[in-house]
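Chemist: Provided herewith: data.cif, mmCIF, C-alpha atoms, pLDDT in the B column; chains and numbers go by the auth columns.
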```cif
data_start
#
loop_
_atom_site.group_PDB
_atom_site.id
_atom_site.type_symbol
_atom_site.label_atom_id
_atom_site.label_comp_id
_atom_site.label_asym_id
_atom_site.label_seq_id
_atom_site.Cartn_x
_atom_site.Cartn_y
_atom_site.Cartn_z
_atom_site.B_iso_or_equiv
_atom_site.auth_seq_id
_atom_site.auth_asym_id
ATOM 1 C CA MET A 1 75.057 -23.834 3.556 50.00 18 A
ATOM 2 C CA ALA A 2 78.547 -22.492 4.308 53.00 19 A
ATOM 3 C CA ASP A 3 77.555 -19.150 2.802 60.00 20 A
ATOM 4 C CA ASP A 4 74.409 -19.079 4.955 61.00 21 A
ATOM 5 C CA GLY A 5 76.475 -19.807 8.046 64.00 22 A
ATOM 6 C CA ALA A 6 78.964 -17.052 7.209 67.00 23 A
ATOM 7 C CA LEU A 7 76.124 -14.586 6.631 64.00 24 A
ATOM 8 C CA ALA A 8 74.459 -15.527 9.916 64.00 25 A
ATOM 9 C CA GLY A 9 77.773 -15.198 11.725 69.00 26 A
ATOM 10 C CA GLY A 10 78.411 -11.796 10.196 70.00 27 A
ATOM 11 C CA LEU A 11 74.957 -10.548 11.131 71.00 28 A
ATOM 12 C CA GLY A 12 75.421 -11.904 14.630 76.00 29 A
ATOM 13 C CA ARG A 13 78.720 -10.048 15.045 81.00 30 A
ATOM 14 C CA LEU A 14 77.146 -6.858 13.666 76.00 31 A
ATOM 15 C CA GLY A 15 74.250 -7.181 16.109 77.00 32 A
ATOM 16 C CA ALA A 16 76.627 -7.730 19.000 81.00 33 A
ATOM 17 C CA ALA A 17 78.704 -4.684 18.024 81.00 34 A
ATOM 18 C CA LEU A 18 75.624 -2.474 17.746 77.00 35 A
ATOM 19 C CA HIS A 19 74.417 -3.711 21.126 79.00 36 A
ATOM 20 C CA ARG A 20 77.815 -3.043 22.686 85.00 37 A
ATOM 21 C CA TRP A 21 77.924 0.501 21.264 85.00 38 A
ATOM 22 C CA ARG A 22 74.188 1.127 21.608 82.00 39 A
ATOM 23 C CA ARG A 23 74.572 4.279 23.698 87.00 40 A
ATOM 24 C CA ALA A 24 77.021 5.831 21.251 87.00 41 A
ATOM 25 C CA VAL A 25 74.774 4.947 18.282 82.00 42 A
ATOM 26 C CA ALA A 26 71.673 6.335 20.024 84.00 43 A
ATOM 27 C CA GLY A 27 73.585 9.491 21.042 88.00 44 A
ATOM 28 C CA ALA A 28 74.824 10.074 17.487 89.00 45 A
ATOM 29 C CA TRP A 29 71.306 9.573 16.123 85.00 46 A
ATOM 30 C CA LEU A 30 69.797 12.018 18.651 88.00 47 A
ATOM 31 C CA ALA A 31 72.558 14.564 17.941 90.00 48 A
ATOM 32 C CA LEU A 32 71.843 14.323 14.213 89.00 49 A
ATOM 33 C CA LEU A 33 68.119 14.837 14.835 85.00 50 A
ATOM 34 C CA ALA A 34 68.805 17.855 17.067 87.00 51 A
ATOM 35 C CA ALA A 35 71.174 19.364 14.480 87.00 52 A
ATOM 36 C CA SER A 36 68.534 18.879 11.778 83.00 53 A
ATOM 37 C CA VAL A 37 65.883 20.622 13.869 83.00 54 A
ATOM 38 C CA VAL A 38 68.221 23.555 14.605 84.00 55 A
ATOM 39 C CA TRP A 39 69.221 23.857 10.951 82.00 56 A
ATOM 40 C CA LEU A 40 65.585 23.836 9.798 75.00 57 A
ATOM 41 C CA ALA A 41 64.585 26.388 12.444 77.00 58 A
ATOM 42 C CA LEU A 42 67.494 28.814 12.069 78.00 59 A
ATOM 43 C CA GLY A 43 68.858 28.194 8.590 67.00 60 A
ATOM 44 C CA PRO A 44 67.698 29.994 5.453 55.00 61 A
ATOM 45 C CA ALA A 45 64.701 28.496 3.697 51.00 62 A
ATOM 46 C CA PRO A 46 64.690 29.937 0.167 45.00 63 A
ATOM 47 C CA ILE A 47 61.797 29.201 -2.164 42.00 64 A
ATOM 48 C CA LEU A 48 63.477 27.382 -5.017 39.00 65 A
ATOM 49 C CA GLU A 49 61.907 27.999 -8.403 41.00 66 A
ATOM 50 C CA THR A 50 63.093 25.375 -10.848 45.00 67 A
ATOM 51 C CA GLU A 51 61.745 24.260 -14.169 48.00 68 A
ATOM 52 C CA SER A 52 60.526 20.690 -14.223 51.00 69 A
ATOM 53 C CA THR A 53 61.840 18.110 -16.630 53.00 70 A
ATOM 54 C CA GLY A 54 60.425 14.731 -17.464 57.00 71 A
ATOM 55 C CA ALA A 55 56.801 13.779 -18.106 63.00 72 A
ATOM 56 C CA THR A 56 57.674 14.193 -21.780 66.00 73 A
ATOM 57 C CA HIS A 57 54.335 12.825 -22.982 69.00 74 A
ATOM 58 C CA THR A 58 52.324 15.611 -21.318 70.00 75 A
ATOM 59 C CA GLU A 59 50.906 18.734 -22.871 70.00 76 A
ATOM 60 C CA ALA A 60 52.901 20.906 -20.482 69.00 77 A
ATOM 61 C CA TYR A 61 56.229 19.468 -21.616 70.00 78 A
ATOM 62 C CA ARG A 62 55.463 19.910 -25.307 68.00 79 A
ATOM 63 C CA VAL A 63 55.316 23.679 -24.986 70.00 80 A
ATOM 64 C CA MET A 64 58.081 24.186 -22.404 69.00 81 A
ATOM 65 C CA ARG A 65 60.824 24.600 -24.989 68.00 82 A
ATOM 66 C CA ALA A 66 58.721 27.056 -26.967 70.00 83 A
ATOM 67 C CA LEU A 67 58.259 29.158 -23.845 68.00 84 A
ATOM 68 C CA ARG A 68 61.996 29.248 -23.193 66.00 85 A
ATOM 69 C CA ASP A 69 62.981 29.830 -26.820 68.00 86 A
ATOM 70 C CA GLU A 70 60.226 32.198 -27.903 70.00 87 A
ATOM 71 C CA PHE A 71 59.504 34.111 -24.705 68.00 88 A
ATOM 72 C CA GLY A 72 62.617 33.798 -22.548 62.00 89 A
ATOM 73 C CA LEU A 73 60.508 32.775 -19.555 59.00 90 A
ATOM 74 C CA ARG A 74 61.620 30.809 -16.511 54.00 91 A
ATOM 75 C CA LEU A 75 58.353 29.585 -15.141 54.00 92 A
ATOM 76 C CA GLY A 76 59.374 28.647 -11.635 56.00 93 A
ATOM 77 C CA ASN A 77 56.277 27.542 -9.704 68.00 94 A
ATOM 78 C CA ASN A 78 53.883 29.474 -11.885 83.00 95 A
ATOM 79 C CA LEU A 79 51.521 28.708 -14.745 88.00 96 A
ATOM 80 C CA ALA A 80 51.466 29.947 -18.318 86.00 97 A
ATOM 81 C CA ILE A 81 48.849 29.726 -21.060 89.00 98 A
ATOM 82 C CA VAL A 82 50.212 29.691 -24.614 87.00 99 A
ATOM 83 C CA LEU A 83 47.865 31.394 -27.086 86.00 100 A
ATOM 84 C CA PRO A 84 49.127 30.913 -30.660 80.00 101 A
ATOM 85 C CA ASP A 85 46.266 32.625 -32.510 74.00 102 A
ATOM 86 C CA ALA A 86 44.190 34.558 -29.958 72.00 103 A
ATOM 87 C CA GLN A 87 43.248 38.170 -30.620 81.00 104 A
ATOM 88 C CA ALA A 88 43.754 40.873 -28.002 83.00 105 A
ATOM 89 C CA ALA A 89 40.079 40.859 -27.008 85.00 106 A
ATOM 90 C CA ASP A 90 40.105 37.071 -26.556 84.00 107 A
ATOM 91 C CA ARG A 91 43.244 37.212 -24.425 86.00 108 A
ATOM 92 C CA ALA A 92 41.826 40.010 -22.292 88.00 109 A
ATOM 93 C CA ALA A 93 38.543 38.141 -21.754 88.00 110 A
ATOM 94 C CA LEU A 94 40.359 34.974 -20.703 89.00 111 A
ATOM 95 C CA ALA A 95 42.699 36.878 -18.374 90.00 112 A
ATOM 96 C CA ASP A 96 39.849 38.848 -16.751 91.00 113 A
ATOM 97 C CA GLY A 97 37.831 35.680 -16.224 91.00 114 A
ATOM 98 C CA LEU A 98 40.744 33.903 -14.520 92.00 115 A
ATOM 99 C CA ARG A 99 41.525 36.905 -12.303 91.00 116 A
ATOM 100 C CA SER A 100 37.933 37.171 -11.113 92.00 117 A
ATOM 101 C CA ARG A 101 37.498 33.442 -10.494 91.00 118 A
ATOM 102 C CA TYR A 102 40.725 32.663 -8.627 92.00 119 A
ATOM 103 C CA PRO A 103 41.932 34.913 -5.776 91.00 120 A
ATOM 104 C CA ALA A 104 45.133 32.832 -5.535 89.00 121 A
ATOM 105 C CA ILE A 105 46.301 34.371 -8.823 89.00 122 A
ATOM 106 C CA ARG A 106 48.421 37.292 -7.650 84.00 123 A
ATOM 107 C CA ARG A 107 49.538 38.555 -11.063 83.00 124 A
ATOM 108 C CA LEU A 108 48.639 37.750 -14.667 89.00 125 A
ATOM 109 C CA VAL A 109 50.685 39.288 -17.488 84.00 126 A
ATOM 110 C CA ASP A 110 50.215 39.126 -21.269 86.00 127 A
ATOM 111 C CA VAL A 111 53.727 38.446 -22.658 82.00 128 A
ATOM 112 C CA PRO A 112 54.315 38.836 -26.426 81.00 129 A
ATOM 113 C CA GLY A 113 56.718 36.560 -28.268 77.00 130 A
ATOM 114 C CA ARG A 114 60.096 37.611 -29.610 71.00 131 A
ATOM 115 C CA ARG A 115 59.512 36.756 -33.271 69.00 132 A
ATOM 116 C CA GLU A 116 56.854 37.343 -35.880 64.00 133 A
ATOM 117 C CA PRO A 117 54.157 36.211 -36.135 64.00 134 A
ATOM 118 C CA ALA A 118 53.944 37.046 -32.442 68.00 135 A
ATOM 119 C CA LEU A 119 52.577 34.374 -30.173 78.00 136 A
ATOM 120 C CA HIS A 120 51.296 35.374 -26.759 84.00 137 A
ATOM 121 C CA VAL A 121 51.575 33.855 -23.298 86.00 138 A
ATOM 122 C CA LEU A 122 49.459 34.685 -20.289 88.00 139 A
ATOM 123 C CA ALA A 123 52.026 34.339 -17.486 86.00 140 A
ATOM 124 C CA ILE A 124 50.213 33.554 -14.212 88.00 141 A
ATOM 125 C CA GLU A 125 51.895 34.156 -10.853 84.00 142 A
ATOM 126 C CA VAL A 126 50.219 32.165 -8.085 86.00 143 A
ATOM 127 C CA ASP A 127 50.326 33.453 -4.513 83.00 144 A
ATOM 128 C CA PRO A 128 53.378 31.744 -2.927 76.00 145 A
ATOM 129 C CA ALA A 129 51.365 31.135 0.253 78.00 146 A
ATOM 130 C CA THR A 130 49.245 28.616 -1.689 81.00 147 A
ATOM 131 C CA ASP A 131 50.186 25.087 -0.642 79.00 148 A
ATOM 132 C CA MET A 132 50.919 22.439 -3.267 79.00 149 A
ATOM 133 C CA VAL A 133 47.619 20.573 -2.825 81.00 150 A
ATOM 134 C CA ALA A 134 45.617 23.765 -3.347 85.00 151 A
ATOM 135 C CA ALA A 135 47.898 24.802 -6.232 85.00 152 A
ATOM 136 C CA THR A 136 47.341 21.454 -7.959 85.00 153 A
ATOM 137 C CA ALA A 137 43.567 21.810 -7.549 88.00 154 A
ATOM 138 C CA LEU A 138 43.818 25.372 -8.907 90.00 155 A
ATOM 139 C CA THR A 139 45.784 24.084 -11.913 90.00 156 A
ATOM 140 C CA ASN A 140 43.120 21.509 -12.704 91.00 157 A
ATOM 141 C CA ARG A 141 40.369 24.146 -12.515 92.00 158 A
ATOM 142 C CA VAL A 142 42.332 26.586 -14.699 93.00 159 A
ATOM 143 C CA ARG A 143 42.912 23.800 -17.239 92.00 160 A
ATOM 144 C CA ALA A 144 39.165 23.099 -17.327 93.00 161 A
ATOM 145 C CA ASP A 145 38.500 26.830 -17.858 93.00 162 A
ATOM 146 C CA VAL A 146 41.064 26.956 -20.675 91.00 163 A
ATOM 147 C CA ASP A 147 39.453 23.931 -22.342 92.00 164 A
ATOM 148 C CA ALA A 148 36.036 25.600 -22.073 92.00 165 A
ATOM 149 C CA TRP A 149 37.480 28.832 -23.521 90.00 166 A
ATOM 150 C CA GLU A 150 38.916 26.858 -26.453 89.00 167 A
ATOM 151 C CA ALA A 151 35.548 25.241 -27.144 90.00 168 A
ATOM 152 C CA ARG A 152 33.767 28.574 -26.883 88.00 169 A
ATOM 153 C CA THR A 153 36.119 30.643 -29.069 87.00 170 A
ATOM 154 C CA GLY A 154 37.508 28.028 -31.442 86.00 171 A
ATOM 155 C CA ARG A 155 41.031 29.247 -30.625 85.00 172 A
ATOM 156 C CA SER A 156 43.975 27.165 -29.463 85.00 173 A
ATOM 157 C CA ALA A 157 45.395 27.383 -25.933 88.00 174 A
ATOM 158 C CA LEU A 158 47.925 25.239 -24.042 87.00 175 A
ATOM 159 C CA LEU A 159 48.534 25.269 -20.298 89.00 176 A
ATOM 160 C CA THR A 160 52.067 24.753 -19.019 85.00 177 A
ATOM 161 C CA GLY A 161 54.392 25.668 -16.159 83.00 178 A
ATOM 162 C CA ASN A 162 55.715 23.841 -13.134 82.00 179 A
ATOM 163 C CA LEU A 163 52.316 23.636 -11.464 86.00 180 A
ATOM 164 C CA ALA A 164 50.936 22.033 -14.622 86.00 181 A
ATOM 165 C CA PHE A 165 53.773 19.487 -14.486 85.00 182 A
ATOM 166 C CA TYR A 166 53.013 18.736 -10.830 83.00 183 A
ATOM 167 C CA ALA A 167 49.324 18.274 -11.623 84.00 184 A
ATOM 168 C CA ASP A 168 50.142 15.933 -14.534 85.00 185 A
ATOM 169 C CA ILE A 169 52.602 13.945 -12.422 83.00 186 A
ATOM 170 C CA ALA A 170 50.091 13.678 -9.560 81.00 187 A
ATOM 171 C CA HIS A 171 47.453 12.390 -11.986 80.00 188 A
ATOM 172 C CA GLU A 172 49.832 9.838 -13.518 79.00 189 A
ATOM 173 C CA SER A 173 51.100 8.778 -10.074 81.00 190 A
ATOM 174 C CA GLU A 174 47.576 8.255 -8.779 78.00 191 A
ATOM 175 C CA ALA A 175 46.718 6.009 -11.721 75.00 192 A
ATOM 176 C CA PHE A 176 49.999 4.082 -11.308 79.00 193 A
ATOM 177 C CA MET A 177 49.546 3.665 -7.555 82.00 194 A
ATOM 178 C CA ASN A 178 46.012 2.358 -8.000 79.00 195 A
ATOM 179 C CA ALA A 179 47.259 -0.281 -10.433 80.00 196 A
ATOM 180 C CA ALA A 180 50.221 -1.130 -8.184 83.00 197 A
ATOM 181 C CA GLU A 181 47.944 -1.600 -5.168 85.00 198 A
ATOM 182 C CA VAL A 182 45.701 -3.993 -7.095 82.00 199 A
ATOM 183 C CA VAL A 183 48.714 -6.096 -8.099 84.00 200 A
ATOM 184 C CA ALA A 184 50.184 -5.980 -4.576 86.00 201 A
ATOM 185 C CA LEU A 185 46.894 -7.016 -2.975 85.00 202 A
ATOM 186 C CA GLY A 186 46.614 -9.915 -5.404 83.00 203 A
ATOM 187 C CA PHE A 187 50.110 -11.150 -4.507 83.00 204 A
ATOM 188 C CA ALA A 188 49.430 -10.654 -0.796 85.00 205 A
ATOM 189 C CA PHE A 189 46.224 -12.689 -1.075 84.00 206 A
ATOM 190 C CA LEU A 190 48.054 -15.557 -2.812 83.00 207 A
ATOM 191 C CA ILE A 191 50.896 -15.524 -0.281 83.00 208 A
ATOM 192 C CA LEU A 192 48.494 -15.553 2.683 81.00 209 A
ATOM 193 C CA LEU A 193 46.435 -18.289 1.063 79.00 210 A
ATOM 194 C CA TRP A 194 49.574 -20.408 0.573 81.00 211 A
ATOM 195 C CA SER A 195 50.906 -19.631 4.067 80.00 212 A
ATOM 196 C CA PHE A 196 47.725 -20.493 5.974 80.00 213 A
ATOM 197 C CA GLY A 197 46.486 -23.218 3.646 75.00 214 A
ATOM 198 C CA GLY A 198 42.953 -21.845 3.281 68.00 215 A
ATOM 199 C CA LEU A 199 40.721 -18.795 3.110 69.00 216 A
ATOM 200 C CA LEU A 200 40.162 -18.840 6.875 64.00 217 A
#
```
Just give me the structure as structure tokens.
Modeler:
Amino acid sequence: MADDGALAGGLGRLGAALHRWRRAVAGAWLALLAASVVWLALGPAPILETESTGATHTEAYRVMRALRDEFGLRLGNNLAIVLPDAQAADRAALADGLRSRYPAIRRLVDVPGRREPALHVLAIEVDPATDMVAATALTNRVRADVDAWEARTGRSALLTGNLAFYADIAHESEAFMNAAEVVALGFAFLILLWSFGGLL
């Protein structure tokens, strides 16, 4: 009980101090907001292209090291399709199909590997004006096209790149959040039932 009294007294003193200096606290908060707005409006806003880490169980992660080691690529916010055994005609057909289907693809380059036997990567540069929601939807459609191409040709293909990571993470997060909401609603129901003593 003594600890509770000391805590209550401390919180009371803190509340009194904040109330006494309320104008200074509010002024500092408003000044910080104004400085943030000015910095965002006038400061440089570079597009940072970084390679994602984590999500180690995903398909995209499993080929990231191969792309760095074999091809020397930094993927940034782009996509890449690894084609271990595709012939030139197969690669060209896949690339032409993706170009024609997706206007957001600004550039698509066939990159050979550094060692023999040469693997190939189709490096896909997505228009930077594409927002993340649209880019994630594009990634999911490209992945479906790659899966269909695999089934049709019998060749292997793996989709990777930062956008593929973001799409995988979004998918995993959605599944996790759905499960978390079910658990949270169950706890909330029990707490409300206990608090009010009945369903009504």
Chemist: What does the PyMOL selection byres ((chain A and resi 184) around 10) select in this file, as a list in words?
Modeler: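 Applied to this file, the PyMOL selection byres ((chain A and resi 184) around 10) returns Ala77, Met149, Val150, Ala152, Thr153, Ala154, Leu155, Thr156, Asn157, Asn179, Leu180, Ala181, Phe182, Tyr183, Asp185, Ile186, Ala187, His188, Glu189 and Ser190 of chain A.
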Chemist: Can you tell me how far atom CA of A:Glu76 sits from atom CA of A:Ala105, in Å to one decimal?
Modeler: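 So the two atoms, atom CA of A:Glu76 and atom CA of A:Ala105, lie 23.8 Å apart.
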Chemist: Which neighbours of stretch 168-173 of chain A fall inside 7 Å, counting all atoms listed in the file, when residues of the same chain fewer than 2 positions from it are skipped, and could you give them as a list in words?
Modeler: Leu100, Pro101, Asp102, Ala103, Asp164, Ala165, Trp166 and Leu175 of chain A
Chemist: Rank A:Val163, A:Glu87, A:Ala106, A:Ala205 by their smallest atom-to-atom distance to A:Pro129, using all atoms listed in the file, and report the top residue only.
Modeler: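 That would be A:Glu87, the residue with the smallest distance to A:Pro129.
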Chemist: Residues at most 9 Å from A:Leu125, counting all atoms listed in the file, excluding those fewer than 2 positions away in the same chain, as number ranges by chain?
Modeler: A: 112, 115-116, 122-123, 127, 139-143
Chemist: Of the candidates A:Ala33, A:Gly214, A:Thr177, A:Asn195, which one gets nearest to A:Thr75 if we count all atoms listed in the file?
Modeler: A:Thr177
Chemist: I'd like the box whose edges run along x, y and z of the file and which contains every listed atom of stretch 104-123 of chain A, padded by 3 Å per side; could you state its centre and edge lengths in Å, one decimal, as JSON?
Modeler:
```
{"center_x": 43.0, "center_y": 36.8, "center_z": -18.1, "size_x": 16.9, "size_y": 14.2, "size_z": 31.1}
```
Chemist: Please measure the separation of atom CA of A:Asp113 and atom CA of A:Asn95, giving the value in Å to one decimal.
Modeler: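 According to the coordinates, atom CA of A:Asp113 and atom CA of A:Asn95 are separated by 17.6 Å.
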Chemist: Atom CA of A:Leu176 and atom CA of A:Tyr78, how far apart in Å?
Modeler: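 About the pair atom CA of A:Tyr78 and atom CA of A:Leu176: they are 9.7 Å apart.
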Chemist: Between A:Asp107, A:Ser117, A:Ala192, A:Ile208, which residue has the minimum interatomic distance to A:His137, considering all atoms listed in the file?
Modeler: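 Distance minimum relative to A:His137 lands on A:Asp107.
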